[in-house]
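Asker: Input file: model-v3.cif. Contents: mmCIF, N, CA and C atoms.
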```
data_protein
#
loop_
_atom_site.label_atom_id
_atom_site.label_comp_id
_atom_site.auth_asym_id
_atom_site.auth_seq_id
_atom_site.Cartn_x
_atom_site.Cartn_y
_atom_site.Cartn_z
N MET C 1 0.86 -1.18 0.00
CA MET C 1 0.00 0.00 0.00
C MET C 1 0.90 1.23 0.00
N SER C 2 0.76 2.04 -1.02
CA SER C 2 1.63 3.20 -1.15
C SER C 2 1.19 4.39 -0.30
N ASN C 3 -0.11 4.51 -0.03
CA ASN C 3 -0.59 5.65 0.77
C ASN C 3 -1.70 5.20 1.72
N PRO C 4 -1.32 4.65 2.88
CA PRO C 4 -2.33 4.17 3.83
C PRO C 4 -3.31 5.25 4.29
N ASN C 5 -2.84 6.50 4.43
CA ASN C 5 -3.75 7.55 4.88
C ASN C 5 -4.81 7.88 3.83
N ALA C 6 -4.45 7.83 2.56
CA ALA C 6 -5.45 8.05 1.51
C ALA C 6 -6.52 6.96 1.57
N PHE C 7 -6.09 5.71 1.79
CA PHE C 7 -7.04 4.62 1.93
C PHE C 7 -7.95 4.86 3.14
N ALA C 8 -7.36 5.20 4.29
CA ALA C 8 -8.15 5.42 5.51
C ALA C 8 -9.11 6.58 5.33
N ASP C 9 -8.67 7.65 4.69
CA ASP C 9 -9.57 8.79 4.47
C ASP C 9 -10.77 8.37 3.62
N ARG C 10 -10.52 7.64 2.56
CA ARG C 10 -11.61 7.18 1.69
C ARG C 10 -12.55 6.24 2.44
N TYR C 11 -11.97 5.34 3.20
CA TYR C 11 -12.75 4.39 3.98
C TYR C 11 -13.64 5.12 4.99
N VAL C 12 -13.07 6.02 5.77
CA VAL C 12 -13.83 6.71 6.82
C VAL C 12 -14.89 7.60 6.20
N GLU C 13 -14.58 8.26 5.10
CA GLU C 13 -15.56 9.13 4.45
C GLU C 13 -16.78 8.33 3.98
N LEU C 14 -16.56 7.07 3.64
CA LEU C 14 -17.68 6.20 3.25
C LEU C 14 -18.77 6.17 4.33
N TRP C 15 -18.38 6.21 5.59
CA TRP C 15 -19.34 6.13 6.69
C TRP C 15 -20.17 7.41 6.83
N ASN C 16 -19.77 8.46 6.12
CA ASN C 16 -20.54 9.71 6.10
C ASN C 16 -21.39 9.84 4.85
N GLU C 17 -21.28 8.90 3.92
CA GLU C 17 -21.99 8.99 2.65
C GLU C 17 -23.51 8.92 2.86
N THR C 18 -24.22 9.90 2.33
CA THR C 18 -25.67 9.96 2.52
C THR C 18 -26.45 9.23 1.44
N ASP C 19 -25.88 9.04 0.27
CA ASP C 19 -26.57 8.41 -0.85
C ASP C 19 -26.31 6.90 -0.87
N PRO C 20 -27.36 6.08 -0.70
CA PRO C 20 -27.16 4.63 -0.68
C PRO C 20 -26.50 4.08 -1.94
N ALA C 21 -26.82 4.61 -3.12
CA ALA C 21 -26.20 4.11 -4.35
C ALA C 21 -24.71 4.45 -4.39
N ALA C 22 -24.36 5.65 -3.98
CA ALA C 22 -22.94 6.03 -3.93
C ALA C 22 -22.21 5.22 -2.87
N ARG C 23 -22.88 4.96 -1.75
CA ARG C 23 -22.29 4.14 -0.69
C ARG C 23 -21.98 2.75 -1.22
N ARG C 24 -22.94 2.15 -1.91
CA ARG C 24 -22.76 0.80 -2.45
C ARG C 24 -21.61 0.79 -3.46
N LYS C 25 -21.53 1.81 -4.31
CA LYS C 25 -20.47 1.89 -5.31
C LYS C 25 -19.10 1.96 -4.63
N THR C 26 -18.99 2.72 -3.56
CA THR C 26 -17.72 2.83 -2.84
C THR C 26 -17.37 1.52 -2.14
N VAL C 27 -18.37 0.85 -1.58
CA VAL C 27 -18.13 -0.47 -0.98
C VAL C 27 -17.55 -1.40 -2.04
N GLU C 28 -18.12 -1.40 -3.23
CA GLU C 28 -17.63 -2.26 -4.30
C GLU C 28 -16.22 -1.88 -4.73
N ALA C 29 -15.87 -0.60 -4.62
CA ALA C 29 -14.52 -0.15 -4.99
C ALA C 29 -13.49 -0.48 -3.92
N LEU C 30 -13.91 -0.58 -2.65
CA LEU C 30 -12.98 -0.83 -1.55
C LEU C 30 -12.87 -2.30 -1.16
N TRP C 31 -13.97 -3.07 -1.22
CA TRP C 31 -13.98 -4.45 -0.75
C TRP C 31 -13.96 -5.43 -1.90
N ALA C 32 -13.28 -6.54 -1.70
CA ALA C 32 -13.38 -7.67 -2.61
C ALA C 32 -14.81 -8.22 -2.50
N PRO C 33 -15.33 -8.84 -3.56
CA PRO C 33 -16.71 -9.35 -3.52
C PRO C 33 -16.99 -10.26 -2.33
N GLU C 34 -16.00 -11.05 -1.92
CA GLU C 34 -16.18 -11.96 -0.77
C GLU C 34 -15.68 -11.33 0.53
N GLY C 35 -15.40 -10.03 0.51
CA GLY C 35 -14.87 -9.35 1.68
C GLY C 35 -15.83 -9.35 2.86
N SER C 36 -15.28 -9.05 4.03
CA SER C 36 -16.09 -9.08 5.24
C SER C 36 -15.77 -7.88 6.12
N TYR C 37 -16.72 -7.58 7.02
CA TYR C 37 -16.59 -6.50 7.99
C TYR C 37 -17.10 -7.05 9.32
N PHE C 38 -16.31 -6.84 10.38
CA PHE C 38 -16.68 -7.33 11.70
C PHE C 38 -16.56 -6.20 12.72
N ASN C 39 -17.56 -6.06 13.58
CA ASN C 39 -17.42 -5.25 14.78
C ASN C 39 -17.94 -6.08 15.94
N PHE C 40 -17.99 -5.53 17.14
CA PHE C 40 -18.35 -6.36 18.29
C PHE C 40 -19.80 -6.82 18.26
N LEU C 41 -20.64 -6.21 17.41
CA LEU C 41 -22.04 -6.60 17.31
C LEU C 41 -22.42 -7.25 16.00
N ALA C 42 -21.69 -6.94 14.94
CA ALA C 42 -22.12 -7.33 13.60
C ALA C 42 -21.04 -8.12 12.86
N GLU C 43 -21.51 -8.95 11.96
CA GLU C 43 -20.65 -9.69 11.05
C GLU C 43 -21.30 -9.57 9.68
N SER C 44 -20.64 -8.91 8.76
CA SER C 44 -21.20 -8.67 7.42
C SER C 44 -20.26 -9.23 6.38
N ARG C 45 -20.82 -9.99 5.44
CA ARG C 45 -20.01 -10.60 4.39
C ARG C 45 -20.62 -10.28 3.04
N GLY C 46 -19.79 -9.80 2.13
CA GLY C 46 -20.24 -9.46 0.78
C GLY C 46 -20.68 -8.01 0.69
N HIS C 47 -20.66 -7.49 -0.53
CA HIS C 47 -20.94 -6.08 -0.77
C HIS C 47 -22.29 -5.63 -0.22
N GLU C 48 -23.34 -6.38 -0.48
CA GLU C 48 -24.68 -5.96 -0.05
C GLU C 48 -24.76 -5.85 1.47
N ALA C 49 -24.28 -6.86 2.17
CA ALA C 49 -24.35 -6.85 3.64
C ALA C 49 -23.48 -5.73 4.23
N ILE C 50 -22.31 -5.51 3.64
CA ILE C 50 -21.44 -4.45 4.15
C ILE C 50 -22.06 -3.09 3.90
N ALA C 51 -22.59 -2.85 2.71
CA ALA C 51 -23.25 -1.57 2.41
C ALA C 51 -24.44 -1.35 3.33
N THR C 52 -25.18 -2.40 3.62
CA THR C 52 -26.34 -2.29 4.53
C THR C 52 -25.87 -1.92 5.93
N GLN C 53 -24.83 -2.57 6.43
CA GLN C 53 -24.31 -2.28 7.77
C GLN C 53 -23.80 -0.85 7.86
N ILE C 54 -23.06 -0.41 6.86
CA ILE C 54 -22.54 0.96 6.87
C ILE C 54 -23.70 1.95 6.78
N GLY C 55 -24.70 1.65 5.96
CA GLY C 55 -25.87 2.52 5.87
C GLY C 55 -26.62 2.61 7.19
N TYR C 56 -26.75 1.50 7.88
CA TYR C 56 -27.40 1.50 9.19
C TYR C 56 -26.64 2.39 10.16
N ALA C 57 -25.32 2.23 10.22
CA ALA C 57 -24.51 3.04 11.13
C ALA C 57 -24.59 4.52 10.75
N HIS C 58 -24.51 4.80 9.46
CA HIS C 58 -24.62 6.19 9.02
C HIS C 58 -25.94 6.80 9.47
N ASP C 59 -27.04 6.13 9.14
CA ASP C 59 -28.36 6.68 9.45
C ASP C 59 -28.56 6.85 10.94
N ALA C 60 -28.10 5.88 11.72
CA ALA C 60 -28.29 5.95 13.17
C ALA C 60 -27.49 7.09 13.78
N TYR C 61 -26.23 7.22 13.42
CA TYR C 61 -25.40 8.25 14.04
C TYR C 61 -25.60 9.63 13.42
N ALA C 62 -25.92 9.70 12.14
CA ALA C 62 -26.23 11.00 11.53
C ALA C 62 -27.48 11.59 12.18
N ALA C 63 -28.43 10.72 12.55
CA ALA C 63 -29.64 11.19 13.24
C ALA C 63 -29.29 11.83 14.57
N GLY C 64 -28.21 11.40 15.19
CA GLY C 64 -27.75 12.00 16.44
C GLY C 64 -26.86 13.21 16.24
N GLY C 65 -26.60 13.56 14.97
CA GLY C 65 -25.79 14.73 14.67
C GLY C 65 -24.29 14.46 14.63
N PHE C 66 -23.90 13.22 14.32
CA PHE C 66 -22.50 12.84 14.35
C PHE C 66 -21.96 12.55 12.96
N VAL C 67 -20.64 12.73 12.79
CA VAL C 67 -19.91 12.37 11.58
C VAL C 67 -18.63 11.66 12.00
N PHE C 68 -18.05 10.97 11.04
CA PHE C 68 -16.81 10.22 11.27
C PHE C 68 -15.64 10.95 10.61
N ARG C 69 -14.47 10.90 11.25
CA ARG C 69 -13.26 11.55 10.74
C ARG C 69 -12.08 10.60 10.91
N SER C 70 -11.25 10.54 9.88
CA SER C 70 -10.00 9.80 9.97
C SER C 70 -9.03 10.57 10.85
N GLN C 71 -8.15 9.86 11.52
CA GLN C 71 -7.14 10.49 12.38
C GLN C 71 -5.79 10.66 11.69
N ASN C 72 -5.74 10.31 10.40
CA ASN C 72 -4.53 10.53 9.60
C ASN C 72 -3.30 9.86 10.22
N ASN C 73 -3.51 8.66 10.76
CA ASN C 73 -2.39 7.94 11.36
C ASN C 73 -2.27 6.51 10.83
N ALA C 74 -2.76 6.29 9.60
CA ALA C 74 -2.76 4.95 9.03
C ALA C 74 -1.33 4.48 8.74
N VAL C 75 -1.12 3.21 9.00
CA VAL C 75 0.13 2.54 8.65
C VAL C 75 -0.22 1.19 8.06
N GLY C 76 0.64 0.70 7.21
CA GLY C 76 0.35 -0.58 6.60
C GLY C 76 1.61 -1.31 6.17
N HIS C 77 1.48 -2.62 6.09
CA HIS C 77 2.52 -3.48 5.53
C HIS C 77 1.92 -4.86 5.28
N HIS C 78 2.51 -5.58 4.35
CA HIS C 78 2.10 -6.95 4.04
C HIS C 78 0.58 -7.09 3.86
N ASN C 79 0.01 -6.24 3.03
CA ASN C 79 -1.42 -6.27 2.71
C ASN C 79 -2.32 -6.06 3.92
N THR C 80 -1.85 -5.26 4.87
CA THR C 80 -2.70 -4.87 6.00
C THR C 80 -2.57 -3.36 6.22
N VAL C 81 -3.62 -2.79 6.82
CA VAL C 81 -3.62 -1.38 7.19
C VAL C 81 -4.33 -1.27 8.53
N ARG C 82 -3.80 -0.38 9.39
CA ARG C 82 -4.49 -0.06 10.64
C ARG C 82 -4.58 1.44 10.73
N PHE C 83 -5.72 1.91 11.26
CA PHE C 83 -5.92 3.35 11.37
C PHE C 83 -6.98 3.65 12.43
N ASN C 84 -6.88 4.84 12.99
CA ASN C 84 -7.87 5.31 13.95
C ASN C 84 -8.85 6.25 13.27
N TRP C 85 -10.01 6.34 13.87
CA TRP C 85 -11.06 7.26 13.44
C TRP C 85 -11.77 7.76 14.70
N VAL C 86 -12.47 8.86 14.53
CA VAL C 86 -13.28 9.38 15.62
C VAL C 86 -14.68 9.68 15.10
N MET C 87 -15.62 9.65 16.02
CA MET C 87 -16.98 10.11 15.73
C MET C 87 -17.16 11.39 16.54
N VAL C 88 -17.53 12.47 15.85
CA VAL C 88 -17.64 13.78 16.49
C VAL C 88 -18.98 14.42 16.16
N SER C 89 -19.35 15.39 16.97
CA SER C 89 -20.54 16.19 16.68
C SER C 89 -20.30 16.97 15.40
N ALA C 90 -21.23 16.86 14.44
CA ALA C 90 -21.10 17.62 13.20
C ALA C 90 -21.20 19.12 13.47
N GLU C 91 -21.89 19.49 14.50
CA GLU C 91 -22.11 20.90 14.82
C GLU C 91 -20.93 21.52 15.58
N THR C 92 -20.45 20.82 16.60
CA THR C 92 -19.44 21.43 17.48
C THR C 92 -18.06 20.80 17.36
N GLY C 93 -17.97 19.61 16.78
CA GLY C 93 -16.70 18.90 16.71
C GLY C 93 -16.36 18.15 17.98
N ALA C 94 -17.26 18.18 18.97
CA ALA C 94 -17.01 17.49 20.24
C ALA C 94 -16.85 15.99 20.01
N LEU C 95 -15.86 15.43 20.65
CA LEU C 95 -15.56 14.01 20.51
C LEU C 95 -16.65 13.15 21.16
N GLU C 96 -17.11 12.15 20.43
CA GLU C 96 -18.12 11.23 20.94
C GLU C 96 -17.59 9.81 21.07
N ALA C 97 -16.74 9.36 20.14
CA ALA C 97 -16.22 7.99 20.19
C ALA C 97 -14.88 7.93 19.46
N ILE C 98 -14.07 6.95 19.85
CA ILE C 98 -12.78 6.69 19.21
C ILE C 98 -12.71 5.21 18.88
N GLY C 99 -12.23 4.91 17.68
CA GLY C 99 -12.08 3.51 17.30
C GLY C 99 -10.92 3.31 16.35
N PHE C 100 -10.67 2.06 16.04
CA PHE C 100 -9.68 1.78 15.01
C PHE C 100 -10.10 0.54 14.24
N ASP C 101 -9.61 0.48 13.02
CA ASP C 101 -9.86 -0.66 12.15
C ASP C 101 -8.54 -1.29 11.76
N PHE C 102 -8.57 -2.60 11.69
CA PHE C 102 -7.46 -3.38 11.16
C PHE C 102 -8.00 -4.08 9.92
N VAL C 103 -7.39 -3.79 8.77
CA VAL C 103 -7.92 -4.22 7.49
C VAL C 103 -6.90 -5.10 6.78
N VAL C 104 -7.39 -6.22 6.25
CA VAL C 104 -6.57 -7.12 5.44
C VAL C 104 -6.98 -6.93 3.99
N LEU C 105 -5.98 -6.75 3.13
CA LEU C 105 -6.22 -6.50 1.71
C LEU C 105 -5.75 -7.67 0.86
N ASP C 106 -6.39 -7.81 -0.31
CA ASP C 106 -5.88 -8.80 -1.27
C ASP C 106 -4.76 -8.15 -2.08
N ASP C 107 -4.22 -8.87 -3.04
CA ASP C 107 -3.10 -8.35 -3.83
C ASP C 107 -3.49 -7.19 -4.74
N ASN C 108 -4.79 -6.98 -4.92
CA ASN C 108 -5.29 -5.84 -5.71
C ASN C 108 -5.63 -4.64 -4.84
N GLY C 109 -5.38 -4.74 -3.53
CA GLY C 109 -5.67 -3.63 -2.63
C GLY C 109 -7.11 -3.55 -2.17
N LEU C 110 -7.89 -4.62 -2.38
CA LEU C 110 -9.29 -4.65 -1.94
C LEU C 110 -9.39 -5.34 -0.58
N VAL C 111 -10.31 -4.87 0.23
CA VAL C 111 -10.49 -5.40 1.58
C VAL C 111 -11.04 -6.82 1.51
N THR C 112 -10.36 -7.73 2.18
CA THR C 112 -10.90 -9.08 2.35
C THR C 112 -11.46 -9.27 3.75
N ALA C 113 -10.91 -8.55 4.73
CA ALA C 113 -11.41 -8.62 6.11
C ALA C 113 -11.14 -7.29 6.79
N ASP C 114 -12.16 -6.80 7.49
CA ASP C 114 -12.09 -5.52 8.19
C ASP C 114 -12.57 -5.76 9.61
N TYR C 115 -11.68 -5.55 10.57
CA TYR C 115 -11.99 -5.74 11.98
C TYR C 115 -12.02 -4.38 12.67
N GLN C 116 -13.18 -4.00 13.17
CA GLN C 116 -13.33 -2.70 13.83
C GLN C 116 -13.35 -2.88 15.34
N TYR C 117 -12.62 -2.01 16.02
CA TYR C 117 -12.55 -2.01 17.48
C TYR C 117 -12.93 -0.63 17.97
N ILE C 118 -13.62 -0.58 19.09
CA ILE C 118 -14.01 0.69 19.69
C ILE C 118 -13.15 0.90 20.93
N ASP C 119 -12.31 1.96 20.92
CA ASP C 119 -11.47 2.28 22.06
C ASP C 119 -12.25 3.08 23.10
N THR C 120 -13.04 4.04 22.65
CA THR C 120 -13.91 4.82 23.53
C THR C 120 -15.31 4.75 22.94
N PRO C 121 -16.21 4.00 23.56
CA PRO C 121 -17.54 3.84 22.98
C PRO C 121 -18.36 5.12 23.06
N PRO C 122 -19.31 5.28 22.14
CA PRO C 122 -20.16 6.46 22.18
C PRO C 122 -21.13 6.40 23.36
N THR C 123 -21.49 7.57 23.85
CA THR C 123 -22.55 7.64 24.85
C THR C 123 -23.91 7.63 24.17
N PHE C 124 -23.93 8.03 22.90
CA PHE C 124 -25.15 8.01 22.10
C PHE C 124 -25.35 6.57 21.61
N THR C 125 -26.44 5.96 21.99
CA THR C 125 -26.67 4.58 21.59
C THR C 125 -27.88 4.48 20.67
N VAL C 126 -27.83 3.50 19.83
CA VAL C 126 -28.92 3.25 18.88
C VAL C 126 -29.31 1.79 18.98
N PRO C 127 -30.54 1.46 18.64
CA PRO C 127 -30.93 0.05 18.67
C PRO C 127 -30.28 -0.71 17.52
N PRO C 128 -30.05 -2.00 17.70
CA PRO C 128 -29.48 -2.79 16.61
C PRO C 128 -30.48 -2.88 15.47
N PRO C 129 -29.97 -3.12 14.25
CA PRO C 129 -30.88 -3.24 13.11
C PRO C 129 -31.84 -4.40 13.30
N THR C 130 -33.03 -4.25 12.79
CA THR C 130 -34.03 -5.31 12.89
C THR C 130 -34.07 -6.09 11.59
N ALA C 131 -34.39 -7.35 11.70
CA ALA C 131 -34.54 -8.19 10.51
C ALA C 131 -35.85 -7.83 9.81
N GLU C 132 -35.80 -7.77 8.50
CA GLU C 132 -37.02 -7.43 7.74
C GLU C 132 -37.61 -8.65 7.12
#
```
Kindly return the structure encoded in the file as structure tokens.
Answerer:
Amino acid sequence: MSNPNAFADRYVELWNETDPAARRKTVEALWAPEGSYFNFLAESRGHEAIATQIGYAHDAYAAGGFVFRSQNNAVGHHNTVRFNWVMVSAETGALEAIGFDFVVLDDNGLVTADYQYIDTPPTFTVPPPTAE
């Protein structure tokens, strides 16, 4: 990976994307078709499931007035990247949550596995997605 921070910036900005079609297109550009995303509550595999999970998180936290920002500290080697992000108030910039992702890439630079960790959990909570 020649520019881990550019990757992290693009990745984190995806979580702020308001348009579901644009969100899905970016998921397809970042993840391998069989790629996965894991956090402490969710396990998503494949483009559709990942786009749905990101859309759920976006809608839930945007409703609370929050946005996500990269911390510009990404590092990578051997097809992996790790980086921190924060969730802040869109209005005031006040810090709400801190997390980091550890991402495994294929030889084409597409995500095969994304493991998200929360270092400082948000005080703003949302209900988990419901099955339709």
Asker: Using all atoms listed in the file, determine which residues lie at most 7 Å from region 24-37 of chain C, disregarding the query and same-chain residues fewer than 2 positions distant; provide the list as a list in words.
Answerer: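 With the cut-off at 7 Å, the set is Leu14, Asp19, Pro20, Ala21, Ala22, Asn39, Ala42, Glu43, Ser44, Arg45, Gly46, His47, Ile50, Ala51, Gly109, Leu110, Val111, Thr112, Ala113, Asp114, Tyr115 and Gln116 of chain C.
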Asker: Between C:Ile118, C:Leu95, C:Ala6, C:Val88, single out the one closest to Ala74 (chain C), counting all atoms listed in the file.
Answerer: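 Among C:Ile118, C:Leu95, C:Ala6, C:Val88, it is C:Ala6 that comes nearest to Ala74 (chain C).
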Asker: Would you please work out which residue, of C:Phe102, C:Trp15, C:Phe83, C:Tyr117, is nearest to Val67 (chain C) when using only C-alpha atoms?
Answerer: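 Using only C-alpha atoms, Val67 (chain C) sits closest to C:Trp15.
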Asker: Calculate how many Å separate CA of Ser70 (chain C) from CA of Asp9 (chain C), rounding to one decimal.
Answerer: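 Pair CA of Ser70 (chain C) / CA of Asp9 (chain C) returns 5.6 Å.
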Asker: State, in Å with one decimal place, the distance from atom C of Glu13 (chain C) to CA of His77 (chain C).
Answerer: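 Answer for the atom C of Glu13 (chain C) to CA of His77 (chain C) separation: 22.7 Å.
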Asker: I'd like to know which residues of chain C are helix (DSSP H, G or I) (by DSSP, run on the backbone); could you write them as an MDAnalysis selection string?
Answerer: chainID C and resid 4:14 20:30 47:63
Asker: Do you have the CA of Val126 (chain C)-atom N of Asn84 (chain C) distance handy?
Answerer: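 Taking CA of Val126 (chain C) as the start and atom N of Asn84 (chain C) as the end point, the length is 22.9 Å.
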Asker: How big is the axis-aligned box around all listed atoms of region 4-7 of chain C once 6 Å goes on each side, and where's its centre, in Å to one decimal, as lines of an AutoDock Vina configuration file?
Answerer:
```
center_x = -4.6
center_y = 6.1
center_z = 3.2
size_x = 18.6
size_y = 15.9
size_z = 15.4
```
Asker: C:Asp119, C:Asn73, C:Asp106, C:Thr80: which is nearest Asn5 (chain C), counting all atoms listed in the file?
Answerer: C:Asn73
Asker: Let me make sure I understand: among C:Ala60, C:Phe68, C:Gly55, C:Gly99, which one has the smallest atom-to-atom distance to Arg23 (chain C) if we use only N, CA and C atoms?
Answerer: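 Once distances to Arg23 (chain C) are computed over only N, CA and C atoms, the minimum belongs to C:Gly55.
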Asker: Please expand the PyMOL selection byres ((chain C and resi 124) around 8) into the concrete residues it hits in this file, giving the result as a PyMOL selection string.
Answerer: chain C and resi 61+64+96-97+121-123+125-127
Asker: Expanded to explicit residues, what is the PyMOL selection byres ((chain C and resi 91) around 8) for this file, as a list in words?
Answerer: Gly65, Phe66, Val67, Val88, Ser89, Ala90, Thr92, Gly93 and Ala94 of chain C
Asker: Please write the residues from the selection above to a file, keeping N, CA and C atoms, as a PDB file, in the frame of the given file.
Answerer:
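Saved the output as result26.pdb:
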```pdb
ATOM      1  N   GLY C  65     -26.600  13.560  14.970  1.00  0.00           N
ATOM      2  CA  GLY C  65     -25.790  14.730  14.670  1.00  0.00           C
ATOM      3  C   GLY C  65     -24.290  14.460  14.630  1.00  0.00           C
ATOM      4  N   PHE C  66     -23.900  13.220  14.320  1.00  0.00           N
ATOM      5  CA  PHE C  66     -22.500  12.840  14.350  1.00  0.00           C
ATOM      6  C   PHE C  66     -21.960  12.550  12.960  1.00  0.00           C
ATOM      7  N   VAL C  67     -20.640  12.730  12.790  1.00  0.00           N
ATOM      8  CA  VAL C  67     -19.910  12.370  11.580  1.00  0.00           C
ATOM      9  C   VAL C  67     -18.630  11.660  12.000  1.00  0.00           C
ATOM     10  N   VAL C  88     -17.530  12.470  15.850  1.00  0.00           N
ATOM     11  CA  VAL C  88     -17.640  13.780  16.490  1.00  0.00           C
ATOM     12  C   VAL C  88     -18.980  14.420  16.160  1.00  0.00           C
ATOM     13  N   SER C  89     -19.350  15.390  16.970  1.00  0.00           N
ATOM     14  CA  SER C  89     -20.540  16.190  16.680  1.00  0.00           C
ATOM     15  C   SER C  89     -20.300  16.970  15.400  1.00  0.00           C
ATOM     16  N   ALA C  90     -21.230  16.860  14.440  1.00  0.00           N
ATOM     17  CA  ALA C  90     -21.100  17.620  13.200  1.00  0.00           C
ATOM     18  C   ALA C  90     -21.200  19.120  13.470  1.00  0.00           C
ATOM     19  N   THR C  92     -20.450  20.820  16.600  1.00  0.00           N
ATOM     20  CA  THR C  92     -19.440  21.430  17.480  1.00  0.00           C
ATOM     21  C   THR C  92     -18.060  20.800  17.360  1.00  0.00           C
ATOM     22  N   GLY C  93     -17.970  19.610  16.780  1.00  0.00           N
ATOM     23  CA  GLY C  93     -16.700  18.900  16.710  1.00  0.00           C
ATOM     24  C   GLY C  93     -16.360  18.150  17.980  1.00  0.00           C
ATOM     25  N   ALA C  94     -17.260  18.180  18.970  1.00  0.00           N
ATOM     26  CA  ALA C  94     -17.010  17.490  20.240  1.00  0.00           C
ATOM     27  C   ALA C  94     -16.850  15.990  20.010  1.00  0.00           C
TER      28      ALA C  94
END
```
Asker: Apply DSSP to the backbone of this structure and, from chain C, keep only the residues in strand (DSSP E or B); write these as a PyMOL selection string.
Answerer: chain C and resi 31-38+43-45+66-70+75-77+80-89+95-105+111-120
